[in-house]
Amino acid sequence: MKNFTQSLLELWKQFGVNQRVSLVVTALAVAGGLVAVVLWSQRPDYQLLYARMGEKDAASVIGYLEAQNIPHQVSAGGTAVQVPSTLVYKLRMDLAAKGLPSGEGVGFEIFDKGQFGLSDFVQRTNYLRALQGELARTISQLQGVQSARVMIVQPENRLLLTDQGVKPTASVFVDVGGGRLELDQVNSIRHLVANAVQGLQTDQVAVVDNRGHVLSEELRQDPTLGTANGQMRYREQVEDYFAKKVETMLAAVIGPGNAVVRVSAEIETEATVSTQDKYDPEGQVVRSQTVSEDSNTSSESRSSGGPVGVSANVPEKSGSSAAAPKPVSNSEQTRKNRTTAYEINHTITNVTRSPGTVKNLTAAVFIAPRLAPIAAPTADGKPAPAPTAAKRTPEELNALRQIVVNALGLKPAAGQTLESMVSLQEMEFQAPQALPAQVEAVRGEGRLEGWLEIARHWAALAGAAAVLFMFWRTLGKQKPEPVPVEVLAMSPAAAARSLPSNSVTPELLNELIRQKPANVGVALRDWVAEPAGKN
């Protein structure tokens with residue numbers, strides 16, 4: 001260890017002032033770099049606690065962290081807070097218990113505390129504020145939306161309605177920064193607000209961004225064309241369904257990407273109600289039968305004896321004849337009545353056809369020719385010519401057409417052929433054309449900018465490493481040069497003649513000896529160490 005220290009001291013004595021300064025600066029830079037690396041490695045790993053917070057929520061969260069002496073970092077213009085990764089989930093639970101962040105506006109937490117003695121107007125106002133706040137918080141969670149505000153206007157609740165045509169409306173303001181919302185996102189915001197407010201229609205919700213653009217204007221439906229738009233969407237869905245069904249089936253037969261299918265559907269757009277009232281006399285049945293029977297009996301006869309009583313004992317007068325007996329009549333009569341009621345077969349049929357029925361389908365199919373097998377190389381080793389596409393036979397095309405017909409469930413009507421329902425043609429597909437040179441140039445510029453951006457981040461580090469490496473090499477090359485002792489003993493004229501023309505002069509050498517006496521010691525040691533023959 002002592003010899004090593006002594007060697008370092010001797011080496012230090014051999015260095016000049018400039019070399020010593022450079023060595024000290026390099027040592028300090030290396031030590032500073034090591035200290036920075038150690039400090040950076042000991043720095044806590046910060047992770048995002050909350051982002052896209054409002055000013056009020058950010059101030060509350062930062063105040064809580066400062067009160068608890070928790071290290072934190074604020075970024076994104078004060079809307080994001082980062083804390084050590086080991087405390088993220090604990091702090092989220094603690095802040096949630098305190099209701100932070102509460103979000104922009106007031107939500108339904110306004111009803112957490114009991115409020116007595118409030119009028120009905122104040123209660124309805126608080127409910128409207130809470131609803132607006134909850135909707136704004138929900139919309140702010142959408143991708144691309146930094147913040148949102150919702151304003152709802154409801155008709156006044158009066159006992160006597162004077163204007164029943166007033167309907168609720170709503171306006172939504174979204175801050176998208178420098179981005180842009182898609183139509184699907186705008187439509188989802190409209191439906192979200194409309195379904196949260198009773199009686200609010202989707203077309204009565206206006207969505208405006210921070211640049212002053214009315215995003216919902218393109219989605220507003222004309223009442224006269226609303227039904228037509230719905231019919232077009234339904235027809236598009238039906239056609240896409242059948243086209244995809246046929247394409248996926250043909251892909252398994254002729255290969256993926258070798259078939260293009262387009263289906264045209266004829267949709268029933270009118271609702272039809274038909275009633276059929278039918279009577280069938282031949283199908284009569286007995287409904288009721290009534291039978292009534294009447295019977296009447298009568299008879300007539302004469303009596304054979306005389307009168308009975310006092311008159312029979314009175315002597316008859318002379319000349320009078322005896323009294324004749326009185327006749328008696330008997331009669332019997334029977335009558336039957338039968339009444340039969342028949343019911344005629346009566347059928348009532350009500351048929352209701354809703355719109356949306358597929359009345360007819362036609363399809364246009366393009367298929368790519370079958371590729372010919374790859375030919376083997378020729379005998380002389382030259383590559384074989386490119387294979388040409390092989391055409392399919394009419395039988396194969398008809399078989400493919402029949403597959404499409406069966407997949408679509410088509411049934412030819414009288415006088416209709418399969419060719420008129422499904423048009424199937426075999427054609428060569430065009431290869432995708434190369435992008436124009438301008439597009440390629442733009443892409444090249446984009447790639448160049450990307451590489452420049454990466455180089456900008458690493459340029460400083462690479463430059464520092466290069467400077468350090470060059471300095472180290474230069475420092476290694478600068479060693480004390482041995483000075484010939486004979487030159488020191490000669491006169492300046494003799495020394496000038498003995499030294500090479502491109503060497504230093506004796507005056508310069510003497511000056512060097514006065515400035516760096518250590519070089520003399522090195523020269524003497526080298527001279528003593530040389531073999532005797534060289535002296």
# chains A, B, ... in the order shown; residues from 1 in each chain; ligands from 1

$ select_by_dssp --residues "region 54-184 of chain A" --states "alpha helix (DSSP H)" --output "PyMOL selection string"
chain A and resi 55-67+88-97+120-140+183-184

$ residues_around --residues "Arg370 (chain A)" --least-positions-apart "4" --cutoff "12 Å" --atoms "only C-alpha atoms" --output "PyMOL selection string"
chain A and resi 253-255+258-259+387-393+396-397+426-429

$ residues_around --residues "Arg262 (chain A)" --least-positions-apart "6" --cutoff "12 Å" --atoms "only C-alpha atoms" --output "list in words"
Glu236, Val238, Glu239, Asp240, Tyr241, Phe242, Ala243, Lys244, Lys245, Val246, Glu247, Leu361, Thr362, Ala363, Ala364, Val365, Phe366, Ile367, Val404, Leu408, Val422, Ser423 and Leu424 of chain A

$ select_by_dssp --residues "region 101-274 of chain A" --states "strand (DSSP E)" --output "JSON, numbers by chain"
{"A": [147, 148, 149, 150, 151, 152, 153, 169, 170, 171, 172, 173, 174, 175, 205, 206, 207, 208, 209, 259, 260, 261, 262, 263, 264, 265, 266, 267, 272, 273, 274]}

$ closest_residue --among "A:Ile139, A:Val172, A:Ala51, A:Ile403" --to "Pro101 (chain A)" --atoms "only C-alpha atoms"
A:Ala51

$ closest_atom_pairs --of "region 105-186 of chain A" --to "region 203-213 of chain A" --cutoff "10 Å" --atoms "only C-alpha atoms" --output "Markdown table"
| residue | atom | partner | partner_atom | distance |
| --- | --- | --- | --- | --- |
| A:Val145 | CA | A:Asp209 | CA | 9.5 |
| A:Ser147 | CA | A:Asn210 | CA | 9.9 |
| A:Ala148 | CA | A:Asp209 | CA | 9.1 |
| A:Val150 | CA | A:Val207 | CA | 9.3 |
| A:Met151 | CA | A:Val205 | CA | 9.8 |
| A:Ile152 | CA | A:Val205 | CA | 9.0 |
| A:Lys167 | CA | A:Gln204 | CA | 8.7 |
| A:Pro168 | CA | A:Gln204 | CA | 7.7 |
| A:Thr169 | CA | A:Gln204 | CA | 5.2 |
| A:Ala170 | CA | A:Val205 | CA | 4.8 |
| A:Ser171 | CA | A:Ala206 | CA | 4.8 |
| A:Val172 | CA | A:Val207 | CA | 4.7 |
| A:Phe173 | CA | A:Val208 | CA | 5.0 |
| A:Val174 | CA | A:Asp209 | CA | 4.9 |
| A:Asp175 | CA | A:Asn210 | CA | 5.0 |
| A:Val176 | CA | A:Asn210 | CA | 6.7 |
| A:Gly177 | CA | A:Asn210 | CA | 7.3 |
| A:Gly178 | CA | A:Arg211 | CA | 8.8 |
| A:Gly179 | CA | A:Asp209 | CA | 10.0 |
| A:Arg180 | CA | A:Asp209 | CA | 8.8 |
| A:Leu181 | CA | A:Asp209 | CA | 8.9 |
| A:Val186 | CA | A:Val207 | CA | 7.2 |

$ decode --residues "region 54-88 of chain A" --atoms "N, CA, C and O atoms" --output "PDB file, in the first residue's frame"
ATOM      1  N   GLY A  54     -59.743  18.995 -10.751  1.00  0.00           N
ATOM      2  CA  GLY A  54     -60.011  20.418 -10.785  1.00  0.00           C
ATOM      3  C   GLY A  54     -59.131  21.160  -9.798  1.00  0.00           C
ATOM      4  O   GLY A  54     -58.433  20.573  -8.957  1.00  0.00           O
ATOM      5  N   GLU A  55     -59.146  22.486  -9.902  1.00  0.00           N
ATOM      6  CA  GLU A  55     -58.294  23.287  -9.024  1.00  0.00           C
ATOM      7  C   GLU A  55     -58.681  23.101  -7.564  1.00  0.00           C
ATOM      8  O   GLU A  55     -57.810  23.004  -6.690  1.00  0.00           O
ATOM      9  N   LYS A  56     -59.961  23.021  -7.284  1.00  0.00           N
ATOM     10  CA  LYS A  56     -60.403  22.871  -5.905  1.00  0.00           C
ATOM     11  C   LYS A  56     -59.998  21.516  -5.346  1.00  0.00           C
ATOM     12  O   LYS A  56     -59.477  21.423  -4.220  1.00  0.00           O
ATOM     13  N   ASP A  57     -60.201  20.460  -6.115  1.00  0.00           N
ATOM     14  CA  ASP A  57     -59.824  19.126  -5.645  1.00  0.00           C
ATOM     15  C   ASP A  57     -58.314  19.005  -5.507  1.00  0.00           C
ATOM     16  O   ASP A  57     -57.805  18.398  -4.550  1.00  0.00           O
ATOM     17  N   ALA A  58     -57.551  19.561  -6.458  1.00  0.00           N
ATOM     18  CA  ALA A  58     -56.094  19.489  -6.366  1.00  0.00           C
ATOM     19  C   ALA A  58     -55.590  20.215  -5.129  1.00  0.00           C
ATOM     20  O   ALA A  58     -54.680  19.720  -4.426  1.00  0.00           O
ATOM     21  N   ALA A  59     -56.163  21.378  -4.821  1.00  0.00           N
ATOM     22  CA  ALA A  59     -55.743  22.107  -3.626  1.00  0.00           C
ATOM     23  C   ALA A  59     -56.064  21.319  -2.355  1.00  0.00           C
ATOM     24  O   ALA A  59     -55.261  21.273  -1.411  1.00  0.00           O
ATOM     25  N   SER A  60     -57.213  20.656  -2.320  1.00  0.00           N
ATOM     26  CA  SER A  60     -57.581  19.873  -1.135  1.00  0.00           C
ATOM     27  C   SER A  60     -56.657  18.676  -0.960  1.00  0.00           C
ATOM     28  O   SER A  60     -56.211  18.363   0.155  1.00  0.00           O
ATOM     29  N   VAL A  61     -56.349  17.977  -2.063  1.00  0.00           N
ATOM     30  CA  VAL A  61     -55.480  16.802  -1.981  1.00  0.00           C
ATOM     31  C   VAL A  61     -54.072  17.203  -1.566  1.00  0.00           C
ATOM     32  O   VAL A  61     -53.453  16.567  -0.693  1.00  0.00           O
ATOM     33  N   ILE A  62     -53.527  18.268  -2.167  1.00  0.00           N
ATOM     34  CA  ILE A  62     -52.176  18.709  -1.816  1.00  0.00           C
ATOM     35  C   ILE A  62     -52.129  19.193  -0.369  1.00  0.00           C
ATOM     36  O   ILE A  62     -51.153  18.943   0.356  1.00  0.00           O
ATOM     37  N   GLY A  63     -53.172  19.869   0.090  1.00  0.00           N
ATOM     38  CA  GLY A  63     -53.210  20.295   1.485  1.00  0.00           C
ATOM     39  C   GLY A  63     -53.190  19.118   2.447  1.00  0.00           C
ATOM     40  O   GLY A  63     -52.530  19.162   3.494  1.00  0.00           O
ATOM     41  N   TYR A  64     -53.915  18.059   2.104  1.00  0.00           N
ATOM     42  CA  TYR A  64     -53.907  16.865   2.970  1.00  0.00           C
ATOM     43  C   TYR A  64     -52.518  16.223   2.987  1.00  0.00           C
ATOM     44  O   TYR A  64     -52.026  15.804   4.046  1.00  0.00           O
ATOM     45  N   LEU A  65     -51.855  16.138   1.831  1.00  0.00           N
ATOM     46  CA  LEU A  65     -50.528  15.533   1.770  1.00  0.00           C
ATOM     47  C   LEU A  65     -49.512  16.361   2.550  1.00  0.00           C
ATOM     48  O   LEU A  65     -48.642  15.804   3.240  1.00  0.00           O
ATOM     49  N   GLU A  66     -49.595  17.681   2.458  1.00  0.00           N
ATOM     50  CA  GLU A  66     -48.671  18.522   3.210  1.00  0.00           C
ATOM     51  C   GLU A  66     -48.926  18.430   4.701  1.00  0.00           C
ATOM     52  O   GLU A  66     -47.988  18.471   5.502  1.00  0.00           O
ATOM     53  N   ALA A  67     -50.185  18.304   5.092  1.00  0.00           N
ATOM     54  CA  ALA A  67     -50.479  18.170   6.516  1.00  0.00           C
ATOM     55  C   ALA A  67     -49.941  16.861   7.078  1.00  0.00           C
ATOM     56  O   ALA A  67     -49.556  16.788   8.251  1.00  0.00           O
ATOM     57  N   GLN A  68     -49.892  15.812   6.261  1.00  0.00           N
ATOM     58  CA  GLN A  68     -49.378  14.519   6.696  1.00  0.00           C
ATOM     59  C   GLN A  68     -47.877  14.373   6.432  1.00  0.00           C
ATOM     60  O   GLN A  68     -47.326  13.284   6.690  1.00  0.00           O
ATOM     61  N   ASN A  69     -47.227  15.413   5.918  1.00  0.00           N
ATOM     62  CA  ASN A  69     -45.788  15.377   5.616  1.00  0.00           C
ATOM     63  C   ASN A  69     -45.444  14.226   4.671  1.00  0.00           C
ATOM     64  O   ASN A  69     -44.456  13.489   4.861  1.00  0.00           O
ATOM     65  N   ILE A  70     -46.243  14.054   3.652  1.00  0.00           N
ATOM     66  CA  ILE A  70     -46.023  13.007   2.661  1.00  0.00           C
ATOM     67  C   ILE A  70     -45.381  13.636   1.435  1.00  0.00           C
ATOM     68  O   ILE A  70     -45.908  14.619   0.887  1.00  0.00           O
ATOM     69  N   PRO A  71     -44.243  13.132   0.985  1.00  0.00           N
ATOM     70  CA  PRO A  71     -43.619  13.708  -0.220  1.00  0.00           C
ATOM     71  C   PRO A  71     -44.510  13.498  -1.436  1.00  0.00           C
ATOM     72  O   PRO A  71     -45.122  12.440  -1.608  1.00  0.00           O
ATOM     73  N   HIS A  72     -44.549  14.488  -2.286  1.00  0.00           N
ATOM     74  CA  HIS A  72     -45.410  14.420  -3.454  1.00  0.00           C
ATOM     75  C   HIS A  72     -44.848  15.310  -4.535  1.00  0.00           C
ATOM     76  O   HIS A  72     -43.989  16.176  -4.281  1.00  0.00           O
ATOM     77  N   GLN A  73     -45.319  15.096  -5.745  1.00  0.00           N
ATOM     78  CA  GLN A  73     -44.941  15.890  -6.904  1.00  0.00           C
ATOM     79  C   GLN A  73     -46.202  16.289  -7.644  1.00  0.00           C
ATOM     80  O   GLN A  73     -47.134  15.483  -7.766  1.00  0.00           O
ATOM     81  N   VAL A  74     -46.216  17.528  -8.140  1.00  0.00           N
ATOM     82  CA  VAL A  74     -47.362  18.068  -8.876  1.00  0.00           C
ATOM     83  C   VAL A  74     -46.941  18.231 -10.327  1.00  0.00           C
ATOM     84  O   VAL A  74     -45.863  18.773 -10.615  1.00  0.00           O
ATOM     85  N   SER A  75     -47.759  17.727 -11.246  1.00  0.00           N
ATOM     86  CA  SER A  75     -47.450  17.796 -12.676  1.00  0.00           C
ATOM     87  C   SER A  75     -48.727  18.107 -13.448  1.00  0.00           C
ATOM     88  O   SER A  75     -49.813  18.242 -12.862  1.00  0.00           O
ATOM     89  N   ALA A  76     -48.578  18.186 -14.772  1.00  0.00           N
ATOM     90  CA  ALA A  76     -49.708  18.437 -15.683  1.00  0.00           C
ATOM     91  C   ALA A  76     -50.428  19.731 -15.326  1.00  0.00           C
ATOM     92  O   ALA A  76     -51.664  19.797 -15.297  1.00  0.00           O
ATOM     93  N   GLY A  77     -49.652  20.769 -15.037  1.00  0.00           N
ATOM     94  CA  GLY A  77     -50.261  22.059 -14.753  1.00  0.00           C
ATOM     95  C   GLY A  77     -51.045  22.099 -13.467  1.00  0.00           C
ATOM     96  O   GLY A  77     -51.987  22.890 -13.348  1.00  0.00           O
ATOM     97  N   GLY A  78     -50.682  21.263 -12.496  1.00  0.00           N
ATOM     98  CA  GLY A  78     -51.373  21.252 -11.215  1.00  0.00           C
ATOM     99  C   GLY A  78     -52.592  20.368 -11.163  1.00  0.00           C
ATOM    100  O   GLY A  78     -53.310  20.373 -10.149  1.00  0.00           O
ATOM    101  N   THR A  79     -52.862  19.600 -12.203  1.00  0.00           N
ATOM    102  CA  THR A  79     -54.040  18.725 -12.217  1.00  0.00           C
ATOM    103  C   THR A  79     -53.716  17.276 -11.862  1.00  0.00           C
ATOM    104  O   THR A  79     -54.631  16.476 -11.736  1.00  0.00           O
ATOM    105  N   ALA A  80     -52.430  16.942 -11.728  1.00  0.00           N
ATOM    106  CA  ALA A  80     -52.023  15.571 -11.408  1.00  0.00           C
ATOM    107  C   ALA A  80     -51.074  15.601 -10.220  1.00  0.00           C
ATOM    108  O   ALA A  80     -50.227  16.486 -10.103  1.00  0.00           O
ATOM    109  N   VAL A  81     -51.193  14.624  -9.359  1.00  0.00           N
ATOM    110  CA  VAL A  81     -50.365  14.520  -8.151  1.00  0.00           C
ATOM    111  C   VAL A  81     -49.769  13.123  -8.109  1.00  0.00           C
ATOM    112  O   VAL A  81     -50.488  12.132  -8.304  1.00  0.00           O
ATOM    113  N   GLN A  82     -48.453  13.051  -7.859  1.00  0.00           N
ATOM    114  CA  GLN A  82     -47.747  11.792  -7.742  1.00  0.00           C
ATOM    115  C   GLN A  82     -47.188  11.648  -6.344  1.00  0.00           C
ATOM    116  O   GLN A  82     -46.711  12.621  -5.752  1.00  0.00           O
ATOM    117  N   VAL A  83     -47.235  10.430  -5.814  1.00  0.00           N
ATOM    118  CA  VAL A  83     -46.749  10.114  -4.479  1.00  0.00           C
ATOM    119  C   VAL A  83     -45.906   8.848  -4.562  1.00  0.00           C
ATOM    120  O   VAL A  83     -45.935   8.145  -5.584  1.00  0.00           O
ATOM    121  N   PRO A  84     -45.132   8.507  -3.520  1.00  0.00           N
ATOM    122  CA  PRO A  84     -44.385   7.250  -3.543  1.00  0.00           C
ATOM    123  C   PRO A  84     -45.286   6.053  -3.800  1.00  0.00           C
ATOM    124  O   PRO A  84     -46.441   6.005  -3.333  1.00  0.00           O
ATOM    125  N   SER A  85     -44.771   5.112  -4.565  1.00  0.00           N
ATOM    126  CA  SER A  85     -45.585   3.969  -4.986  1.00  0.00           C
ATOM    127  C   SER A  85     -46.084   3.150  -3.812  1.00  0.00           C
ATOM    128  O   SER A  85     -47.132   2.510  -3.899  1.00  0.00           O
ATOM    129  N   THR A  86     -45.358   3.145  -2.701  1.00  0.00           N
ATOM    130  CA  THR A  86     -45.787   2.347  -1.549  1.00  0.00           C
ATOM    131  C   THR A  86     -46.983   2.947  -0.820  1.00  0.00           C
ATOM    132  O   THR A  86     -47.606   2.272   0.010  1.00  0.00           O
ATOM    133  N   LEU A  87     -47.309   4.206  -1.103  1.00  0.00           N
ATOM    134  CA  LEU A  87     -48.405   4.883  -0.391  1.00  0.00           C
ATOM    135  C   LEU A  87     -49.605   5.166  -1.271  1.00  0.00           C
ATOM    136  O   LEU A  87     -50.560   5.790  -0.800  1.00  0.00           O
ATOM    137  N   VAL A  88     -49.581   4.737  -2.541  1.00  0.00           N
ATOM    138  CA  VAL A  88     -50.650   5.114  -3.471  1.00  0.00           C
ATOM    139  C   VAL A  88     -51.997   4.595  -2.993  1.00  0.00           C
ATOM    140  O   VAL A  88     -52.971   5.343  -2.834  1.00  0.00           O
TER     141      VAL A  88
END
